[in-house]
file data.cif (mmCIF, C-alpha atoms)
data_model
#
loop_
_atom_site.label_atom_id
_atom_site.label_comp_id
_atom_site.auth_asym_id
_atom_site.auth_seq_id
_atom_site.Cartn_x
_atom_site.Cartn_y
_atom_site.Cartn_z
CA MET A 1 -3.29 10.06 30.89
CA LYS A 2 -2.28 6.41 30.71
CA LYS A 3 -0.21 5.41 27.73
CA ALA A 4 -1.92 3.12 25.23
CA LYS A 5 0.67 0.43 25.87
CA ASP A 6 -0.45 0.20 29.53
CA ASN A 7 -4.17 -0.09 28.80
CA LEU A 8 -4.18 -3.74 27.72
CA ALA A 9 -7.89 -4.30 28.36
CA SER A 10 -8.97 -1.42 26.11
CA ILE A 11 -6.65 -2.58 23.34
CA PHE A 12 -7.90 -6.15 23.68
CA TRP A 13 -11.61 -5.33 23.55
CA ALA A 14 -11.24 -2.76 20.76
CA THR A 15 -9.44 -5.41 18.69
CA ILE A 16 -12.05 -8.05 19.49
CA ALA A 17 -14.83 -5.68 18.42
CA VAL A 18 -13.13 -5.02 15.08
CA VAL A 19 -12.44 -8.73 14.50
CA PHE A 20 -16.00 -9.75 15.34
CA VAL A 21 -17.52 -7.34 12.82
CA GLN A 22 -15.01 -8.27 10.13
CA LEU A 23 -15.48 -12.01 10.61
CA VAL A 24 -19.25 -11.70 10.24
CA HIS A 25 -18.82 -9.69 7.04
CA ASN A 26 -16.34 -12.22 5.65
CA GLY A 27 -19.12 -14.78 5.34
CA ARG A 28 -19.65 -18.38 6.40
CA GLU A 29 -16.46 -20.03 5.23
CA PRO A 30 -15.18 -22.62 7.73
CA LEU A 31 -12.09 -20.50 8.45
CA TYR A 32 -14.14 -17.55 9.68
CA LEU A 33 -16.60 -19.68 11.60
CA ILE A 34 -13.69 -21.35 13.41
CA ALA A 35 -12.12 -17.94 14.04
CA LEU A 36 -15.43 -16.69 15.43
CA THR A 37 -15.67 -19.72 17.72
CA ALA A 38 -12.15 -19.03 19.01
CA ILE A 39 -13.03 -15.58 20.38
CA PRO A 40 -14.29 -16.89 23.77
CA LEU A 41 -11.04 -18.85 24.09
CA LEU A 42 -9.06 -15.68 23.43
CA VAL A 43 -11.04 -13.86 26.12
CA GLY A 44 -10.33 -16.58 28.66
CA LEU A 45 -6.66 -16.69 27.71
CA PHE A 46 -6.33 -12.93 28.02
CA TYR A 47 -7.74 -12.80 31.54
CA PHE A 48 -5.63 -15.78 32.57
CA LYS A 49 -2.31 -14.63 31.04
CA ARG A 50 -2.91 -10.86 30.63
CA SER A 51 -0.97 -10.98 27.39
CA LEU A 52 -1.86 -9.67 23.94
CA LEU A 53 0.57 -11.91 22.08
CA PRO A 54 -2.00 -14.73 21.55
CA LEU A 55 -4.40 -12.19 20.03
CA ALA A 56 -1.67 -10.92 17.71
CA ILE A 57 -0.87 -14.47 16.57
CA TYR A 58 -4.59 -15.09 16.03
CA LEU A 59 -4.85 -11.99 13.81
CA LEU A 60 -1.82 -12.97 11.76
CA LEU A 61 -3.15 -16.49 11.22
CA ILE A 62 -6.50 -15.14 10.00
CA GLY A 63 -4.71 -12.65 7.78
CA ILE A 64 -2.51 -15.33 6.22
CA LEU A 65 -5.08 -18.13 5.91
CA GLY A 66 -7.81 -15.71 4.81
CA ARG A 67 -5.70 -14.57 1.87
CA TYR A 68 -4.76 -18.15 1.03
CA THR A 69 -8.37 -19.36 0.93
CA ARG A 70 -9.37 -16.36 -1.20
CA TYR A 71 -7.13 -17.66 -3.98
CA PHE A 72 -9.30 -20.76 -4.40
CA ARG A 73 -12.63 -18.95 -4.42
CA GLN A 74 -11.69 -16.13 -6.80
CA ASN A 75 -10.51 -15.63 -10.34
CA TYR A 76 -9.04 -12.79 -12.37
CA ALA A 77 -11.45 -9.95 -11.58
CA SER A 78 -8.71 -7.45 -12.46
CA ASP A 79 -6.67 -7.61 -15.66
CA THR A 80 -3.59 -5.97 -14.08
CA LEU A 81 -1.55 -9.15 -13.66
CA LEU A 82 -2.77 -10.57 -16.96
CA ALA A 83 -1.53 -7.43 -18.72
CA THR A 84 1.74 -7.55 -16.77
CA ARG A 85 2.24 -11.15 -17.85
CA ASP A 86 1.81 -10.19 -21.50
CA TYR A 87 4.23 -7.28 -21.18
CA ILE A 88 6.83 -9.47 -19.48
CA GLY A 89 6.65 -11.59 -22.63
CA TYR A 90 7.33 -8.47 -24.71
CA MET A 91 10.28 -7.58 -22.49
CA LEU A 92 11.81 -11.06 -22.77
CA ALA A 93 11.38 -10.82 -26.53
CA GLY A 94 13.64 -7.76 -26.47
CA LYS A 95 10.92 -5.14 -26.94
CA ASN A 96 10.36 -1.96 -24.98
CA VAL A 97 6.98 -2.40 -23.28
CA TYR A 98 6.17 1.30 -23.57
CA LYS A 99 6.09 0.95 -27.35
CA GLU A 100 3.50 -1.85 -27.25
CA LEU A 101 -0.27 -2.06 -26.86
CA ILE A 102 -2.42 -4.94 -25.65
CA MET A 103 -6.14 -5.63 -25.40
CA THR A 104 -7.64 -5.31 -21.89
CA ASN A 105 -11.12 -5.04 -20.40
CA PHE A 106 -11.17 -1.40 -21.52
CA GLY A 107 -9.91 -1.89 -25.04
CA LEU A 108 -6.49 -1.39 -26.58
CA THR A 109 -4.27 0.09 -23.87
CA PRO A 110 -0.58 0.93 -23.34
CA PHE A 111 1.58 -0.44 -20.54
CA SER A 112 0.22 1.78 -17.77
CA TYR A 113 2.36 0.38 -14.97
CA LEU A 114 5.89 1.14 -13.82
CA PRO A 115 9.00 -0.84 -14.85
CA ALA A 116 9.75 -2.51 -11.50
CA SER A 117 6.55 -4.55 -11.80
CA LEU A 118 8.06 -6.40 -14.77
CA PHE A 119 11.08 -7.53 -12.74
CA TRP A 120 9.05 -8.22 -9.60
CA TYR A 121 6.84 -10.79 -11.33
CA LEU A 122 9.58 -12.09 -13.66
CA PRO A 123 10.63 -15.04 -11.41
CA ALA A 124 7.02 -16.26 -11.19
CA TYR A 125 6.66 -15.87 -14.96
CA ILE A 126 9.83 -17.87 -15.66
CA LEU A 127 8.78 -20.60 -13.22
CA THR A 128 5.28 -20.64 -14.80
CA ILE A 129 3.68 -19.80 -11.47
CA ASP A 130 0.26 -18.20 -11.71
CA LEU A 131 0.86 -14.49 -11.04
CA ARG A 132 -2.33 -14.39 -9.02
CA PHE A 133 -0.95 -17.11 -6.74
CA PHE A 134 2.35 -15.24 -6.44
CA GLU A 135 0.51 -12.05 -5.51
CA MET A 136 -1.49 -13.95 -2.89
CA LEU A 137 1.74 -15.21 -1.30
CA ILE A 138 3.05 -11.65 -1.11
CA ALA A 139 -0.30 -10.48 0.28
CA THR A 140 0.07 -12.91 3.22
CA LEU A 141 3.22 -11.00 4.19
CA VAL A 142 1.43 -7.63 4.40
CA PRO A 143 -0.14 -8.17 7.86
CA ILE A 144 3.17 -9.63 9.07
CA ALA A 145 5.07 -6.56 7.87
CA PHE A 146 2.46 -4.28 9.46
CA TYR A 147 2.82 -6.20 12.74
CA ILE A 148 6.63 -5.83 12.65
CA TYR A 149 6.32 -2.08 12.07
CA GLY A 150 3.85 -1.76 14.93
CA ARG A 151 6.06 -3.67 17.36
CA LEU A 152 8.92 -1.27 16.67
CA THR A 153 7.07 1.06 19.06
CA LYS A 154 7.34 -1.57 21.84
CA THR A 155 3.60 -1.22 22.47
CA TRP A 156 0.43 -3.06 21.50
CA PHE A 157 -1.91 -0.15 20.78
CA PHE A 158 -1.71 -0.91 17.04
CA LEU A 159 -3.56 -4.24 17.37
CA PRO A 160 -7.00 -2.86 16.32
CA LEU A 161 -5.23 -1.49 13.22
CA LEU A 162 -3.65 -4.88 12.59
CA ALA A 163 -7.12 -6.42 12.86
CA ILE A 164 -8.30 -4.11 10.06
CA VAL A 165 -5.33 -4.93 7.83
CA ALA A 166 -5.61 -8.67 8.51
CA THR A 167 -9.37 -9.23 8.26
CA THR A 168 -11.07 -6.50 6.18
CA PRO A 169 -13.04 -8.32 3.45
CA PHE A 170 -12.04 -6.15 0.49
CA LEU A 171 -8.37 -6.36 1.46
CA LEU A 172 -8.65 -10.14 1.51
CA ASP A 173 -10.43 -10.12 -1.85
CA LEU A 174 -7.71 -8.02 -3.45
CA SER A 175 -5.03 -10.48 -2.41
CA ALA A 176 -6.05 -12.83 -5.21
CA ASP A 177 -8.19 -10.95 -7.73
CA GLY A 178 -5.42 -10.24 -10.24
CA SER A 179 -4.42 -6.77 -9.00
CA ASN A 180 -0.89 -5.84 -7.92
CA ASP A 181 -1.63 -3.51 -5.00
CA ASN A 182 -0.54 -5.90 -2.26
CA SER A 183 2.95 -6.18 -3.73
CA GLY A 184 3.24 -2.41 -3.81
CA THR A 185 2.06 -2.18 -0.20
CA PHE A 186 4.46 -4.90 0.93
CA LEU A 187 7.47 -3.27 -0.72
CA LEU A 188 6.66 0.07 0.89
CA LEU A 189 6.13 -1.45 4.35
CA VAL A 190 9.46 -3.27 4.24
CA ALA A 191 11.25 -0.10 3.11
CA LEU A 192 9.71 1.88 5.97
CA ILE A 193 10.56 -0.83 8.51
CA PHE A 194 14.23 -0.60 7.52
CA PHE A 195 14.03 3.19 7.60
CA ARG A 196 12.60 3.32 11.10
CA LEU A 197 15.12 0.80 12.38
CA ALA A 198 17.96 2.71 10.76
CA VAL A 199 16.97 6.06 12.27
CA LYS A 200 16.35 4.54 15.69
CA LYS A 201 19.66 2.66 15.81
CA LYS A 202 21.69 5.01 13.60
CA ASN A 203 22.42 2.02 11.39
CA ILE A 204 23.93 3.17 8.09
CA ARG A 205 23.46 -0.15 6.27
CA GLN A 206 19.76 -0.37 7.11
CA PHE A 207 19.39 3.25 6.06
CA TYR A 208 20.76 2.54 2.60
CA ILE A 209 18.71 -0.64 2.29
CA SER A 210 15.59 1.41 3.03
CA ALA A 211 16.56 3.85 0.27
CA VAL A 212 16.92 1.04 -2.27
CA LEU A 213 13.67 -0.63 -1.24
CA LEU A 214 11.80 2.66 -1.30
CA ALA A 215 13.12 3.27 -4.81
CA VAL A 216 11.94 -0.18 -5.93
CA SER A 217 8.54 0.60 -4.41
CA ALA A 218 8.43 3.96 -6.22
CA ALA A 219 9.37 2.27 -9.50
CA PHE A 220 6.60 -0.28 -8.91
CA LYS A 221 3.51 1.73 -7.96
CA HIS A 222 2.46 5.28 -8.82
CA TYR A 223 0.81 5.89 -5.46
CA VAL A 224 4.15 5.82 -3.64
CA PHE A 225 4.77 9.32 -4.99
CA PHE A 226 2.07 10.64 -2.67
CA LEU A 227 4.34 9.62 0.20
CA LEU A 228 7.57 10.72 -1.46
CA THR A 229 6.25 14.28 -1.79
CA PHE A 230 6.52 14.60 2.00
CA PHE A 231 8.96 11.84 2.91
CA LEU A 232 11.92 13.05 0.85
CA PRO A 233 11.89 16.58 2.36
CA TYR A 234 11.75 14.92 5.79
CA VAL A 235 14.83 12.84 4.94
CA PHE A 236 16.58 15.95 3.63
CA MET A 237 15.96 17.77 6.92
CA LEU A 238 17.15 14.69 8.76
CA GLY A 239 20.45 15.13 6.93
CA LYS A 240 21.22 18.26 8.91
CA SER A 241 21.60 16.11 12.01
CA TRP A 242 22.84 12.92 10.34
CA HIS A 243 25.20 13.16 7.38
CA ALA A 244 24.30 9.65 6.11
CA SER A 245 20.90 10.86 4.94
CA ARG A 246 22.52 12.70 2.04
CA ARG A 247 23.70 9.40 0.61
CA PHE A 248 20.14 8.19 0.98
CA PHE A 249 19.24 10.24 -2.09
CA LEU A 250 22.13 8.78 -4.06
CA PHE A 251 20.94 5.23 -3.43
CA PHE A 252 17.30 6.20 -3.94
CA PHE A 253 17.61 8.03 -7.25
CA GLY A 254 20.34 5.69 -8.45
CA THR A 255 18.08 2.66 -7.98
CA ILE A 256 15.13 4.33 -9.69
CA GLY A 257 17.35 5.31 -12.59
CA LEU A 258 18.80 1.82 -12.91
CA ILE A 259 15.31 0.30 -13.10
CA SER A 260 13.46 2.93 -15.12
CA LEU A 261 15.80 4.92 -17.35
CA PRO A 262 16.45 2.16 -19.93
CA PHE A 263 12.70 1.98 -20.55
CA ILE A 264 12.22 5.75 -20.53
CA PHE A 265 15.12 6.53 -22.85
CA GLY A 266 14.10 3.69 -25.15
CA ALA A 267 10.55 5.00 -25.56
CA PRO A 268 10.13 8.48 -24.05
CA THR A 269 6.93 9.15 -25.98
CA GLY A 270 5.48 5.80 -24.96
CA PHE A 271 6.35 6.41 -21.31
CA LEU A 272 4.61 9.78 -21.36
CA ARG A 273 1.65 8.19 -23.11
CA ALA A 274 1.43 5.62 -20.31
CA LEU A 275 1.50 8.33 -17.64
CA SER A 276 -1.17 10.36 -19.42
CA TYR A 277 -3.31 7.24 -19.75
CA VAL A 278 -3.06 6.62 -16.01
CA GLU A 279 -4.03 10.22 -15.28
CA LEU A 280 -6.85 10.71 -17.79
CA ARG A 281 -8.21 7.17 -18.23
CA PRO A 282 -10.30 8.30 -21.22
CA THR A 283 -12.09 4.96 -21.64
CA TYR A 284 -13.07 4.60 -17.97
CA PRO A 285 -16.62 5.51 -16.88
CA ILE A 286 -17.62 7.31 -13.69
CA TRP A 287 -17.73 4.60 -11.08
CA GLY A 288 -16.77 3.82 -7.51
CA TRP A 289 -16.24 5.74 -4.29
CA ASN A 290 -15.87 9.34 -5.43
CA ILE A 291 -17.67 12.67 -5.56
CA TRP A 292 -18.45 12.40 -9.27
CA ALA A 293 -20.49 9.22 -8.76
CA ALA A 294 -22.39 11.02 -5.97
CA LEU A 295 -23.11 14.05 -8.19
CA ARG A 296 -24.23 11.87 -11.08
CA ASP A 297 -26.44 9.51 -9.06
CA GLY A 298 -27.77 12.10 -6.63
CA PHE A 299 -28.16 15.20 -8.78
CA GLY A 300 -27.68 14.11 -12.41
CA ILE A 301 -24.54 16.24 -12.78
CA ILE A 302 -21.94 14.85 -15.19
CA LEU A 303 -18.77 16.72 -16.14
CA SER A 304 -16.32 15.97 -18.93
CA VAL A 305 -13.18 13.94 -18.22
CA GLN A 306 -11.05 17.05 -18.76
CA SER A 307 -13.08 19.09 -16.25
CA MET A 308 -12.92 16.35 -13.61
CA TRP A 309 -9.19 16.00 -14.19
CA ILE A 310 -8.59 19.73 -13.69
CA VAL A 311 -10.60 19.72 -10.45
CA ARG A 312 -8.63 16.71 -9.22
CA LEU A 313 -5.31 18.25 -10.22
CA VAL A 314 -6.01 21.56 -8.47
CA GLY A 315 -7.43 19.85 -5.38
CA THR A 316 -4.52 17.43 -5.05
CA ILE A 317 -1.77 19.99 -5.62
CA GLY A 318 -3.50 22.47 -3.33
CA THR A 319 -3.74 19.89 -0.55
CA ALA A 320 -0.07 18.96 -0.94
CA LEU A 321 1.06 22.60 -0.86
CA VAL A 322 -0.96 23.40 2.27
CA ILE A 323 0.45 20.39 4.13
CA LEU A 324 4.01 21.15 3.00
CA LYS A 325 3.59 24.70 4.28
CA VAL A 326 2.48 23.66 7.77
CA MET A 327 4.84 20.65 8.15
CA SER A 328 7.72 20.93 10.60
CA PHE A 329 9.73 18.27 8.70
CA ARG A 330 10.81 16.93 12.08
CA ARG A 331 8.22 14.19 12.62
CA LEU A 332 7.74 11.05 10.57
CA TRP A 333 4.00 10.98 11.16
CA GLU A 334 3.67 14.27 9.26
CA THR A 335 4.89 12.55 6.09
CA TYR A 336 2.22 9.87 6.50
CA LEU A 337 -0.42 12.51 7.17
CA GLY A 338 0.54 14.35 4.01
CA ALA A 339 0.43 11.16 1.96
CA VAL A 340 -2.92 10.05 3.40
CA MET A 341 -4.65 13.41 2.94
CA THR A 342 -3.27 14.05 -0.55
CA MET A 343 -4.08 10.56 -1.76
CA LEU A 344 -7.56 10.67 -0.23
CA VAL A 345 -8.31 13.97 -1.99
CA TYR A 346 -6.96 12.51 -5.23
CA LEU A 347 -9.17 9.42 -4.96
CA VAL A 348 -12.42 11.14 -3.99
CA LEU A 349 -11.91 13.56 -6.91
CA SER A 350 -11.14 10.74 -9.37
CA TRP A 351 -13.96 9.41 -11.54
CA TRP A 352 -12.87 5.78 -11.45
CA THR A 353 -12.10 4.35 -7.99
CA THR A 354 -12.18 0.70 -7.01
CA TYR A 355 -11.34 -1.21 -3.85
CA ALA A 356 -7.83 -1.69 -5.26
CA HIS A 357 -7.15 2.03 -5.07
CA PHE A 358 -7.81 1.99 -1.31
CA THR A 359 -5.65 -1.06 -0.61
CA PHE A 360 -2.58 1.13 -0.39
CA LEU A 361 -4.35 3.75 1.73
CA VAL A 362 -5.54 1.51 4.58
CA PRO A 363 -2.09 0.42 5.86
CA LEU A 364 -0.81 3.97 5.37
CA ILE A 365 -3.52 5.30 7.69
CA GLY A 366 -2.43 2.62 10.15
CA LEU A 367 1.18 3.79 9.99
CA LEU A 368 0.01 7.36 10.56
CA ALA A 369 -1.88 6.28 13.68
CA ILE A 370 1.13 4.35 14.99
CA GLU A 371 3.61 7.17 14.45
CA HIS A 372 1.32 9.95 15.61
CA ALA A 373 0.67 8.12 18.86
CA ASP A 374 4.29 7.18 19.38
CA ASP A 375 5.87 10.36 18.00
CA LEU A 376 9.40 9.16 18.63
CA VAL A 377 11.01 9.49 15.20
#
call {"tool": "encode", "arguments": {"input": "data.cif", "output": "structure tokens"}}
result
Amino acid sequence: MKKAKDNLASIFWATIAVVFVQLVHNGREPLYLIALTAIPLLVGLFYFKRSLLPLAIYLLLIGILGRYTRYFRQNYASDTLLATRDYIGYMLAGKNVYKELIMTNFGLTPFSYLPASLFWYLPAYILTIDLRFFEMLIATLVPIAFYIYGRLTKTWFFLPLLAIVATTPFLLDLSADGSNDNSGTFLLLVALIFFRLAVKKKNIRQFYISAVLLAVSAAFKHYVFFLLTFFLPYVFMLGKSWHASRRFFLFFFGTIGLISLPFIFGAPTGFLRALSYVELRPTYPIWGWNIWAALRDGFGIILSVQSMWIVRLVGTIGTALVILKVMSFRRLWETYLGAVMTMLVYLVLSWWTTYAHFTFLVPLIGLLAIEHADDLV
């Protein structure tokens, strides 16, 4: 069988097919009409040069400019960044955010995010930059980071995946709607880029940098723990062949502790309240892409929040345990598979799922595809 990296024509046309569909679904903005018009030029250039680099540059430009233009056509659809802004004010006033409550779209709510988000948006807050604009700037780096990760394989077979990350309409929308998912995705991608480089080159410094960045990502977004469930055992097993991996845990847990422990020790009850709020979401209705919406709309079946939570808990833990049992802990792609499957089960068994919840999942599926095909690490 030919390797994917040798089959340039298949990669090119698969990417073009994805881009064409996505551009049509993105609407009639001038940017997407121009991008659509450029496709014949890309075809001609490919058959003249037999290179995929112009197509990659084209995808990155759409990904960057598409997120930039979204900022000017959207507003705060999500209250995540608005709430974060308010809580940064509490923090600067010397208060522990986990002791405070603010009014959101769903009523009086606690700080339901993790501590790193306060420090991540702090520079923008101090400089009076709109947090939505700041998030959009970070979102433009997501397709770039995904491209860098893909090129670490020295192949181009990831280009259709890059097309999805760069041009999918709901991913573009979430770059400037007031949610914080793109920042969480970016932090994780950068951490994993450093990790892959470190393991490939046996570079100790990059290895420790990846540990710190992964810790920042884990202290920023709850969903990172789906990956950590499988990634940390993989790193531990890696330590049997590379002693530096043991220090990985020192940097990882040390960074998390430095960011989070002052908040946790200052308001342990409030921190637990925030976690329980994230898990139970008592004020949230059944809505979105999940089995409970299907049962309600298709069969009129509605369960209590507690019952749905128990089903989700059992399903998620069961999925994680099965994958941990069959993992070899020798392949990086297995950690991505575990994270993708566990998170997917968690989301389809949740009763409130929005596009934002899937923003983190899409690039992770892409990383799984890249590593499973390459299977070098």
call {"tool": "residues_around", "arguments": {"input": "data.cif", "residues": "Tyr71 (chain A)", "least_positions_apart": "6", "cutoff": "7 Å", "atoms": "all atoms listed in the file", "output": "ChimeraX atom specification"}}
result
/A:133,136,176
call {"tool": "closest_residue", "arguments": {"input": "data.cif", "among": "A:Leu59, A:Leu82, A:Ala124, A:Ile302", "to": "Phe12 (chain A)", "atoms": "all atoms listed in the file"}}
result
A:Leu59
call {"tool": "closest_residue", "arguments": {"input": "data.cif", "among": "A:Leu332, A:Leu313, A:Leu227, A:Asp177", "to": "Arg73 (chain A)", "atoms": "only C-alpha atoms"}}
result
A:Asp177
call {"tool": "resolve_selection", "arguments": {"input": "data.cif", "expression": "the PyMOL selection byres ((chain A and resi 191-200) around 7)", "output": "MDAnalysis selection string"}}
result
chainID A and resid 149 187:190 201:204 206:207 209:210 213:214
call {"tool": "residues_around", "arguments": {"input": "data.cif", "residues": "Phe271 (chain A)", "least_positions_apart": "2", "cutoff": "12 Å", "atoms": "all atoms listed in the file", "output": "MDAnalysis selection string"}}
result
chainID A and resid 96:100 110:115 260:269 273:278
call {"tool": "closest_residue", "arguments": {"input": "data.cif", "among": "A:Thr229, A:Asn180, A:Thr37, A:Ser304", "to": "Leu337 (chain A)", "atoms": "only C-alpha atoms"}}
result
A:Thr229
call {"tool": "atom_distance", "arguments": {"input": "data.cif", "atom1": "CA of Val340 (chain A)", "atom2": "CA of Asp375 (chain A)"}}
result
17.0 Å
call {"tool": "residues_near_point", "arguments": {"input": "data.cif", "point": "(-0.6, -15.7, 1.8)", "cutoff": "6 Å", "atoms": "all atoms listed in the file", "output": "list in words"}}
result
Ile64, Arg67, Tyr68, Met136, Leu137, Ala139 and Thr140 of chain A
call {"tool": "closest_residue", "arguments": {"input": "data.cif", "among": "A:Phe230, A:Gly66, A:Ala163, A:Leu250", "to": "Ile323 (chain A)", "atoms": "all atoms listed in the file"}}
result
A:Phe230
call {"tool": "closest_residue", "arguments": {"input": "data.cif", "among": "A:Lys154, A:Val19, A:Asn7, A:Leu81", "to": "Arg50 (chain A)", "atoms": "all atoms listed in the file"}}
result
A:Asn7
call {"tool": "closest_residue", "arguments": {"input": "data.cif", "among": "A:Gln74, A:Thr69, A:Asn182, A:Thr15", "to": "Leu52 (chain A)", "atoms": "all atoms listed in the file"}}
result
A:Thr15
